[in-house]
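Presented below is the structure to which this report refers.
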Number of protein chains: 2
Amino acid sequence: VIVGLDPRVDRLPEELRPATPSVKGTAHAVMAFNRAVVDAVADLVVGVKVQVAFYEQLGCAGMNAYASTIRYAREKGMIVIGDAKRNDIASTAAAYAAAHLGTPDGADEVDDFLVDAVTVNPYLGSDGVRPFVEAAAANGRGLFVLVKTSNPSSCEVQDLDCDGATVYERVAELVAEWGSEHRGHSGYSLVGAVCGATFPEELGRLRELMPCAPLLVPGFGAQGADVDDIIGAFDTEGLGAVVNASRGVIYAWERPPYAEEYGPQRWREAVWAAAADMRERIWRATRPDDAV
Amino acid sequence: VIVGLDPRVDRLPEELRPATPSVKGTAHAVMAFNRAVVDAVADLVVGVKVQVAFYEQLGCAGMNAYASTIRYAREKGMIVIGDAKRNDIASTAAAYAAAHLGTPDGADEVDDFLVDAVTVNPYLGSDGVRPFVEAAAANGRGLFVLVKTSNPSSCEVQDLDCDGATVYERVAELVAEWGSEHRGHSGYSLVGAVCGATFPEELGRLRELMPCAPLLVPGFGAQGADVDDIIGAFDTEGLGAVVNASRGVIYAWERPPYAEEYGPQRWREAVWAAAADMRERIWRATRPDDAV
């Protein structure tokens, strides 16, 4: 289980909002919020997924907050996934790979945006993705390639039928190929895949097509997916997937049952409780015979 | 004609490199280089395409240089295209759209990364692209959707055959649809498309499929495409496309014939000459009956 740090400025807790609106004040509020969320969930979940868009929206001050957020979560021992969905052609993809996963020679002078894994868009094919694979392999990091995303209109391109297979199934085959030379002792590769929790049937099929790819499964909670929908992402031992919830956890104090129990004042406890509930439900579903 | 500001740190002119390597020194060198390139080409070409990857690679200092580069080029009256290839699902795509094109209500507190047009990856479908269209329409800006990219392995996903049409042709149909309600007095839409100069036959076909989309055509020069390859991107009046060259212009002093004529000392003049030559050659090819 991972928690998504998607700080929407208009939904920050009242007490953290700057008295007089300013970009720097907002960026500070975002950092204060992220620190509180990390503190609340660090002992419960393995990592955080940081959505770059919400930081980029705040310009340079936001990118500073992004760098600080990564640093803080790593200091707390968490795995950090940079949800950046970067993509470009060969030599330019290498620049993005260096930014997020480090350089192939491992001599990084710049570490602001370095994360344990980054999300990558596959529309440009192998020469756009391999630089990320090489950077990940050189630095003990990883990537998650977008295969089947959780949004309703993902079907428009990803579900196009190509001689009996969909585009996303073709991409899944590429993901399996890109990762085949980079498997760890668990059998899993450093090349993972993003497969939305909102498409449960496709999830099982994708688990089969990419037996060695760790799956990053967004869409749990606020986007409508529940525990039954994500079971297909796991292998028979209950391994092989990380499930992300963002809004459902970090704004838990706004929704039942947490709104009633904690309310806006005790928002930190609501975040903790929502993360704990999510973890327990997924644990029970994937390890039916074990105690929690 | 536009010039790509893709500052590769190891190829900056000798005189601009920092005496002692540091991230801030490198970012300053990048800015000095960009200012010199903009000064050299501002009277020759309509705009610049700024490749975000090369700035992101330098972390927060690099993103400051990106913001400064945009500001400088706009002050010089140039159109600025942010080559960011951003993409995400609906509400998150809206955050990226706000970062690069402004908010739908036009009340932008943060303008660091605002550009005249941004490049967008279509793999997530309509709900990932429409927030960019809305932001562009609200603020008099535009976007270029990746359709057929210039790199060799673009075929792996983009050329998959879907019932008699390729994936990129299906995406082209979506681009035409997304732009249909947003056409200006020229007949062209604010939703353009990226179509690589390295695939000349496809370029003509894409011009037909998207008659109202301005085409952004990268790959001229260093990536191997020449004037004959890009003709198909233009309409019968010689309008409808912007052709980008990056390495071929901004590092012109490293290659013939500019290396011989100008050499590394007079690199500014080499940049100017390469941009002027490119402009003249494309002008002649697209307006065969006119004088330059």
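Residue numbering restarts at 1 for every chain of the structure tokens, chains are lettered A, B, ... in their displayed order, and ligands are numbered from 1 as they appear.
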
- Message: If the cut-off is 8 Å, can you tell me the residues of chain A near chain B, counting only C-alpha atoms? I'd like them as a PyMOL selection string.
- Response: chain A and resi 22-23+53-54+56-60+63-64+67+85-90+92-93+95-96+98-100+109-113+121-128+149-158+160-163+167+170-171

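Excluding A:Lys76 itself and any same-chain residue fewer than 2 positions from it, the protein and nucleic acid residues within 9 Å of it, counting only C-alpha atoms, are Val38, Asp39, Ala42, Arg71, Tyr72, Ala73, Arg74 and Met78 of chain A.
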
- Message: I need the residues of stretch 22-170 of chain A that end up classed as strand (DSSP E or B) by DSSP on the backbone, written out as a VMD selection string.
- Response: chain A and resid 47 to 51 79 to 86 117 to 120 142 to 148 161 to 162 165 to 166

- Per DSSP on the backbone, what are the helix (DSSP H, G or I) residues of stretch 14-262 of chain B, as a PyMOL selection string? chain B and resi 14-16+23-41+53-56+59-75+90-101+126-139+152-158+167-179+200-209+227-233+247-250+252-254+258-261

- Pick out the residues sitting within 12 Å of stretch 9-16 of chain A, and hand them over as a PyMOL selection string; count only C-alpha atoms, and ignore anything fewer than 3 positions along from it in its own chain. (chain A and resi 5-6+19-23+25-37+54-55+57-58+62+247+250-254+263-268+270-271) or (chain B and resi 95)

- Please indicate the distance in Å from atom CA of B:Asp226 to atom CA of B:Glu202, rounded to one decimal place. 14.9 Å

- Item | atom CA of A:Leu216 to atom CA of A:Val118, distance in Å rounded to a single decimal | 10.8 Å

Identify, on the basis of only C-alpha atoms, every residue whose closest approach to B:Ser246 does not exceed 10 Å; exclude the query and any residue fewer than 4 positions from it along the same chain; express the result as a PDB file with N, CA, C and O atoms, in the first residue's frame.
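Ended up saving to part.pdb:
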```pdb
ATOM      1  N   ILE B   2      11.158  27.436 -36.134  1.00  0.00           N
ATOM      2  CA  ILE B   2      11.480  27.701 -34.733  1.00  0.00           C
ATOM      3  C   ILE B   2      12.788  26.993 -34.387  1.00  0.00           C
ATOM      4  O   ILE B   2      13.196  26.040 -35.043  1.00  0.00           O
ATOM      5  N   VAL B   3      13.416  27.506 -33.346  1.00  0.00           N
ATOM      6  CA  VAL B   3      14.709  26.961 -32.915  1.00  0.00           C
ATOM      7  C   VAL B   3      14.533  26.321 -31.542  1.00  0.00           C
ATOM      8  O   VAL B   3      13.907  26.902 -30.652  1.00  0.00           O
ATOM      9  N   GLY B   4      15.058  25.126 -31.394  1.00  0.00           N
ATOM     10  CA  GLY B   4      14.920  24.400 -30.127  1.00  0.00           C
ATOM     11  C   GLY B   4      16.019  24.721 -29.151  1.00  0.00           C
ATOM     12  O   GLY B   4      17.200  24.589 -29.482  1.00  0.00           O
ATOM     13  N   LEU B   5      15.634  25.162 -27.962  1.00  0.00           N
ATOM     14  CA  LEU B   5      16.626  25.450 -26.921  1.00  0.00           C
ATOM     15  C   LEU B   5      16.791  24.200 -26.046  1.00  0.00           C
ATOM     16  O   LEU B   5      16.119  24.025 -25.044  1.00  0.00           O
ATOM     17  N   ASP B   6      17.682  23.318 -26.503  1.00  0.00           N
ATOM     18  CA  ASP B   6      17.958  22.053 -25.817  1.00  0.00           C
ATOM     19  C   ASP B   6      19.393  22.090 -25.301  1.00  0.00           C
ATOM     20  O   ASP B   6      20.278  21.461 -25.881  1.00  0.00           O
ATOM     21  N   PRO B   7      19.652  22.827 -24.257  1.00  0.00           N
ATOM     22  CA  PRO B   7      21.050  23.023 -23.841  1.00  0.00           C
ATOM     23  C   PRO B   7      21.639  21.784 -23.177  1.00  0.00           C
ATOM     24  O   PRO B   7      21.341  21.471 -22.037  1.00  0.00           O
ATOM     25  N   VAL B  48      10.744  29.890 -30.245  1.00  0.00           N
ATOM     26  CA  VAL B  48      11.661  28.869 -29.750  1.00  0.00           C
ATOM     27  C   VAL B  48      10.852  27.729 -29.123  1.00  0.00           C
ATOM     28  O   VAL B  48       9.749  27.937 -28.619  1.00  0.00           O
ATOM     29  N   LYS B  49      11.418  26.545 -29.206  1.00  0.00           N
ATOM     30  CA  LYS B  49      10.841  25.390 -28.515  1.00  0.00           C
ATOM     31  C   LYS B  49      11.820  25.042 -27.395  1.00  0.00           C
ATOM     32  O   LYS B  49      12.993  24.766 -27.652  1.00  0.00           O
ATOM     33  N   VAL B  50      11.329  25.096 -26.159  1.00  0.00           N
ATOM     34  CA  VAL B  50      12.220  24.873 -25.023  1.00  0.00           C
ATOM     35  C   VAL B  50      11.961  23.463 -24.488  1.00  0.00           C
ATOM     36  O   VAL B  50      10.829  23.134 -24.103  1.00  0.00           O
ATOM     37  N   GLN B  51      12.985  22.623 -24.523  1.00  0.00           N
ATOM     38  CA  GLN B  51      12.849  21.225 -24.124  1.00  0.00           C
ATOM     39  C   GLN B  51      13.048  21.119 -22.617  1.00  0.00           C
ATOM     40  O   GLN B  51      14.170  21.221 -22.111  1.00  0.00           O
ATOM     41  N   PRO B 218       9.322  18.364 -35.693  1.00  0.00           N
ATOM     42  CA  PRO B 218      10.711  18.276 -35.227  1.00  0.00           C
ATOM     43  C   PRO B 218      11.478  17.265 -36.076  1.00  0.00           C
ATOM     44  O   PRO B 218      10.883  16.529 -36.869  1.00  0.00           O
ATOM     45  N   GLY B 219      12.784  17.239 -35.917  1.00  0.00           N
ATOM     46  CA  GLY B 219      13.601  16.237 -36.591  1.00  0.00           C
ATOM     47  C   GLY B 219      14.360  16.780 -37.776  1.00  0.00           C
ATOM     48  O   GLY B 219      15.091  16.054 -38.448  1.00  0.00           O
ATOM     49  N   PHE B 220      14.216  18.103 -38.048  1.00  0.00           N
ATOM     50  CA  PHE B 220      14.924  18.720 -39.170  1.00  0.00           C
ATOM     51  C   PHE B 220      16.390  18.893 -38.789  1.00  0.00           C
ATOM     52  O   PHE B 220      16.709  19.331 -37.690  1.00  0.00           O
ATOM     53  N   GLY B 221      17.289  18.548 -39.720  1.00  0.00           N
ATOM     54  CA  GLY B 221      18.717  18.746 -39.439  1.00  0.00           C
ATOM     55  C   GLY B 221      19.352  17.556 -38.759  1.00  0.00           C
ATOM     56  O   GLY B 221      19.478  16.491 -39.364  1.00  0.00           O
ATOM     57  N   ALA B 222      19.692  17.715 -37.482  1.00  0.00           N
ATOM     58  CA  ALA B 222      20.490  16.690 -36.794  1.00  0.00           C
ATOM     59  C   ALA B 222      19.850  15.308 -36.836  1.00  0.00           C
ATOM     60  O   ALA B 222      20.529  14.289 -36.878  1.00  0.00           O
ATOM     61  N   GLN B 223      18.505  15.253 -36.834  1.00  0.00           N
ATOM     62  CA  GLN B 223      17.849  13.941 -36.864  1.00  0.00           C
ATOM     63  C   GLN B 223      17.695  13.396 -38.292  1.00  0.00           C
ATOM     64  O   GLN B 223      17.102  12.347 -38.494  1.00  0.00           O
ATOM     65  N   ILE B 250      21.656  25.280 -32.842  1.00  0.00           N
ATOM     66  CA  ILE B 250      22.294  25.870 -31.648  1.00  0.00           C
ATOM     67  C   ILE B 250      23.720  25.376 -31.434  1.00  0.00           C
ATOM     68  O   ILE B 250      24.469  25.984 -30.690  1.00  0.00           O
ATOM     69  N   TYR B 251      24.095  24.273 -32.089  1.00  0.00           N
ATOM     70  CA  TYR B 251      25.505  23.839 -32.043  1.00  0.00           C
ATOM     71  C   TYR B 251      26.107  23.888 -33.446  1.00  0.00           C
ATOM     72  O   TYR B 251      27.012  23.109 -33.774  1.00  0.00           O
ATOM     73  N   ALA B 252      25.648  24.847 -34.264  1.00  0.00           N
ATOM     74  CA  ALA B 252      26.076  24.916 -35.674  1.00  0.00           C
ATOM     75  C   ALA B 252      27.589  25.048 -35.813  1.00  0.00           C
ATOM     76  O   ALA B 252      28.168  24.539 -36.775  1.00  0.00           O
ATOM     77  N   ALA B 275      20.460  29.385 -38.620  1.00  0.00           N
ATOM     78  CA  ALA B 275      19.031  29.697 -38.557  1.00  0.00           C
ATOM     79  C   ALA B 275      18.594  30.408 -39.832  1.00  0.00           C
ATOM     80  O   ALA B 275      17.522  30.127 -40.387  1.00  0.00           O
TER      81      ALA B 275
END
```

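Going from atom CA of A:Arg205 to atom CA of A:Ile282 covers 19.8 Å.
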
- Message: Show me, as a PyMOL selection string, the residues that have an atom within 9 Å of B:Asp229 when counting only C-alpha atoms, minus same-chain residues fewer than 6 positions from it.
- Response: chain B and resi 197-201+203+220

- Any idea what's packed within 12 Å of stretch 236-238 of chain B, counting only C-alpha atoms, ignoring anything in its chain fewer than 4 positions away? Could you give it as number ranges by chain? B: 186, 204, 207-208, 211, 214, 230-232, 242, 282-290

Limited to all heavy atoms, could you put the picked residues into a file as a compact mmCIF listing (two decimals), in the first residue's frame?
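Contents of selection_25.txt, as written:
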```txt
# COMPACT_ATOMS: atom_id res chain seq x y z
N SER B 186 -7.84 32.16 -39.05
CA SER B 186 -7.03 31.55 -40.11
C SER B 186 -7.61 30.20 -40.55
O SER B 186 -7.20 29.64 -41.55
CB SER B 186 -5.62 31.31 -39.60
OG SER B 186 -5.64 30.34 -38.56
N GLY B 204 2.36 13.92 -45.01
CA GLY B 204 1.32 14.34 -45.95
C GLY B 204 -0.03 13.76 -45.57
O GLY B 204 -1.05 14.45 -45.62
N ARG B 207 -1.37 15.65 -42.59
CA ARG B 207 -1.88 16.97 -43.00
C ARG B 207 -3.33 16.84 -43.48
O ARG B 207 -4.17 17.68 -43.17
CB ARG B 207 -0.96 17.54 -44.09
CG ARG B 207 -1.35 18.85 -44.74
CD ARG B 207 -1.10 20.07 -43.87
NE ARG B 207 -2.05 20.12 -42.77
CZ ARG B 207 -1.92 20.86 -41.69
NH1 ARG B 207 -0.88 21.60 -41.51
NH2 ARG B 207 -2.84 20.86 -40.75
N GLU B 208 -3.62 15.74 -44.24
CA GLU B 208 -4.98 15.50 -44.72
C GLU B 208 -5.95 15.16 -43.59
O GLU B 208 -7.08 15.62 -43.57
CB GLU B 208 -4.99 14.34 -45.73
CG GLU B 208 -4.47 14.70 -47.10
CD GLU B 208 -4.29 13.45 -47.95
OE1 GLU B 208 -5.00 12.44 -47.73
OE2 GLU B 208 -3.40 13.46 -48.82
N PRO B 211 -6.85 18.69 -41.16
CA PRO B 211 -6.69 19.88 -42.00
C PRO B 211 -6.62 21.19 -41.22
O PRO B 211 -6.10 22.18 -41.73
CB PRO B 211 -7.94 19.84 -42.90
CG PRO B 211 -8.91 18.97 -42.20
CD PRO B 211 -8.11 17.97 -41.44
N PRO B 214 -2.42 22.99 -36.73
CA PRO B 214 -1.05 23.40 -37.03
C PRO B 214 -0.11 22.26 -36.64
O PRO B 214 -0.29 21.64 -35.59
CB PRO B 214 -0.82 24.63 -36.14
CG PRO B 214 -1.90 24.63 -35.13
CD PRO B 214 -3.03 23.79 -35.66
N ILE B 230 9.78 17.74 -45.44
CA ILE B 230 8.80 18.46 -44.62
C ILE B 230 7.71 19.14 -45.44
O ILE B 230 6.76 19.67 -44.87
CB ILE B 230 9.48 19.52 -43.73
CG1 ILE B 230 10.30 20.48 -44.61
CG2 ILE B 230 10.36 18.85 -42.69
CD1 ILE B 230 10.51 21.81 -43.97
N ILE B 231 7.86 19.13 -46.77
CA ILE B 231 6.90 19.85 -47.62
C ILE B 231 5.46 19.42 -47.35
O ILE B 231 4.54 20.24 -47.33
CB ILE B 231 7.26 19.62 -49.12
CG1 ILE B 231 8.55 20.34 -49.44
CG2 ILE B 231 6.14 20.09 -50.04
CD1 ILE B 231 8.49 21.83 -49.24
N GLY B 232 5.27 18.13 -47.12
CA GLY B 232 3.93 17.60 -46.90
C GLY B 232 3.21 18.17 -45.71
O GLY B 232 1.99 18.06 -45.58
N VAL B 242 5.02 24.55 -38.27
CA VAL B 242 6.27 25.14 -37.79
C VAL B 242 7.30 24.03 -37.76
O VAL B 242 7.04 22.94 -37.25
CB VAL B 242 6.14 25.80 -36.40
CG1 VAL B 242 5.54 27.19 -36.50
CG2 VAL B 242 5.35 24.94 -35.44
N ILE B 282 13.59 26.71 -46.24
CA ILE B 282 12.19 26.31 -46.06
C ILE B 282 11.26 27.29 -46.77
O ILE B 282 10.27 26.90 -47.38
CB ILE B 282 11.87 26.17 -44.55
CG1 ILE B 282 12.63 24.97 -43.98
CG2 ILE B 282 10.37 26.00 -44.31
CD1 ILE B 282 12.51 24.77 -42.50
N TRP B 283 11.59 28.56 -46.71
CA TRP B 283 10.80 29.57 -47.41
C TRP B 283 10.75 29.29 -48.91
O TRP B 283 9.69 29.26 -49.53
CB TRP B 283 11.38 30.97 -47.15
CG TRP B 283 10.57 32.05 -47.77
CD1 TRP B 283 10.73 32.59 -49.02
CD2 TRP B 283 9.45 32.72 -47.18
NE1 TRP B 283 9.79 33.56 -49.24
CE2 TRP B 283 8.98 33.67 -48.13
CE3 TRP B 283 8.81 32.63 -45.95
CZ2 TRP B 283 7.90 34.49 -47.88
CZ3 TRP B 283 7.73 33.45 -45.71
CH2 TRP B 283 7.28 34.36 -46.65
N ARG B 284 11.91 29.03 -49.49
CA ARG B 284 11.98 28.76 -50.94
C ARG B 284 11.16 27.52 -51.30
O ARG B 284 10.49 27.47 -52.32
CB ARG B 284 13.42 28.53 -51.38
CG ARG B 284 14.21 29.80 -51.56
CD ARG B 284 15.57 29.50 -52.18
NE ARG B 284 16.47 30.63 -52.01
CZ ARG B 284 16.46 31.71 -52.79
NH1 ARG B 284 15.63 31.80 -53.80
NH2 ARG B 284 17.29 32.71 -52.56
N ALA B 285 11.24 26.51 -50.45
CA ALA B 285 10.57 25.25 -50.76
C ALA B 285 9.06 25.37 -50.65
O ALA B 285 8.31 24.72 -51.38
CB ALA B 285 11.08 24.16 -49.82
N THR B 286 8.59 26.22 -49.72
CA THR B 286 7.15 26.30 -49.49
C THR B 286 6.52 27.43 -50.30
O THR B 286 5.30 27.46 -50.44
CB THR B 286 6.84 26.53 -47.99
OG1 THR B 286 7.56 27.68 -47.53
CG2 THR B 286 7.25 25.32 -47.17
N ARG B 287 7.31 28.37 -50.79
CA ARG B 287 6.80 29.47 -51.61
C ARG B 287 7.61 29.55 -52.90
O ARG B 287 8.35 30.51 -53.10
CB ARG B 287 6.96 30.81 -50.86
CG ARG B 287 6.40 30.84 -49.47
CD ARG B 287 4.92 31.16 -49.51
NE ARG B 287 4.37 31.09 -48.18
CZ ARG B 287 3.86 32.14 -47.53
NH1 ARG B 287 3.87 33.33 -48.07
NH2 ARG B 287 3.35 31.99 -46.34
N PRO B 288 7.50 28.55 -53.76
CA PRO B 288 8.41 28.47 -54.90
C PRO B 288 8.33 29.67 -55.84
O PRO B 288 9.30 29.98 -56.51
CB PRO B 288 7.97 27.18 -55.62
CG PRO B 288 6.63 26.84 -55.07
CD PRO B 288 6.55 27.43 -53.72
N ASP B 289 7.19 30.40 -55.84
CA ASP B 289 7.05 31.48 -56.80
C ASP B 289 7.47 32.84 -56.25
O ASP B 289 7.52 33.82 -56.97
CB ASP B 289 5.59 31.58 -57.28
CG ASP B 289 5.16 30.25 -57.89
OD1 ASP B 289 6.01 29.58 -58.48
OD2 ASP B 289 3.97 29.92 -57.74
N ASP B 290 7.72 32.90 -54.93
CA ASP B 290 8.04 34.19 -54.32
C ASP B 290 9.54 34.41 -54.23
O ASP B 290 10.32 33.47 -54.22
CB ASP B 290 7.49 34.27 -52.89
CG ASP B 290 5.97 34.33 -52.89
OD1 ASP B 290 5.40 34.28 -53.98
OD2 ASP B 290 5.39 34.43 -51.80
```
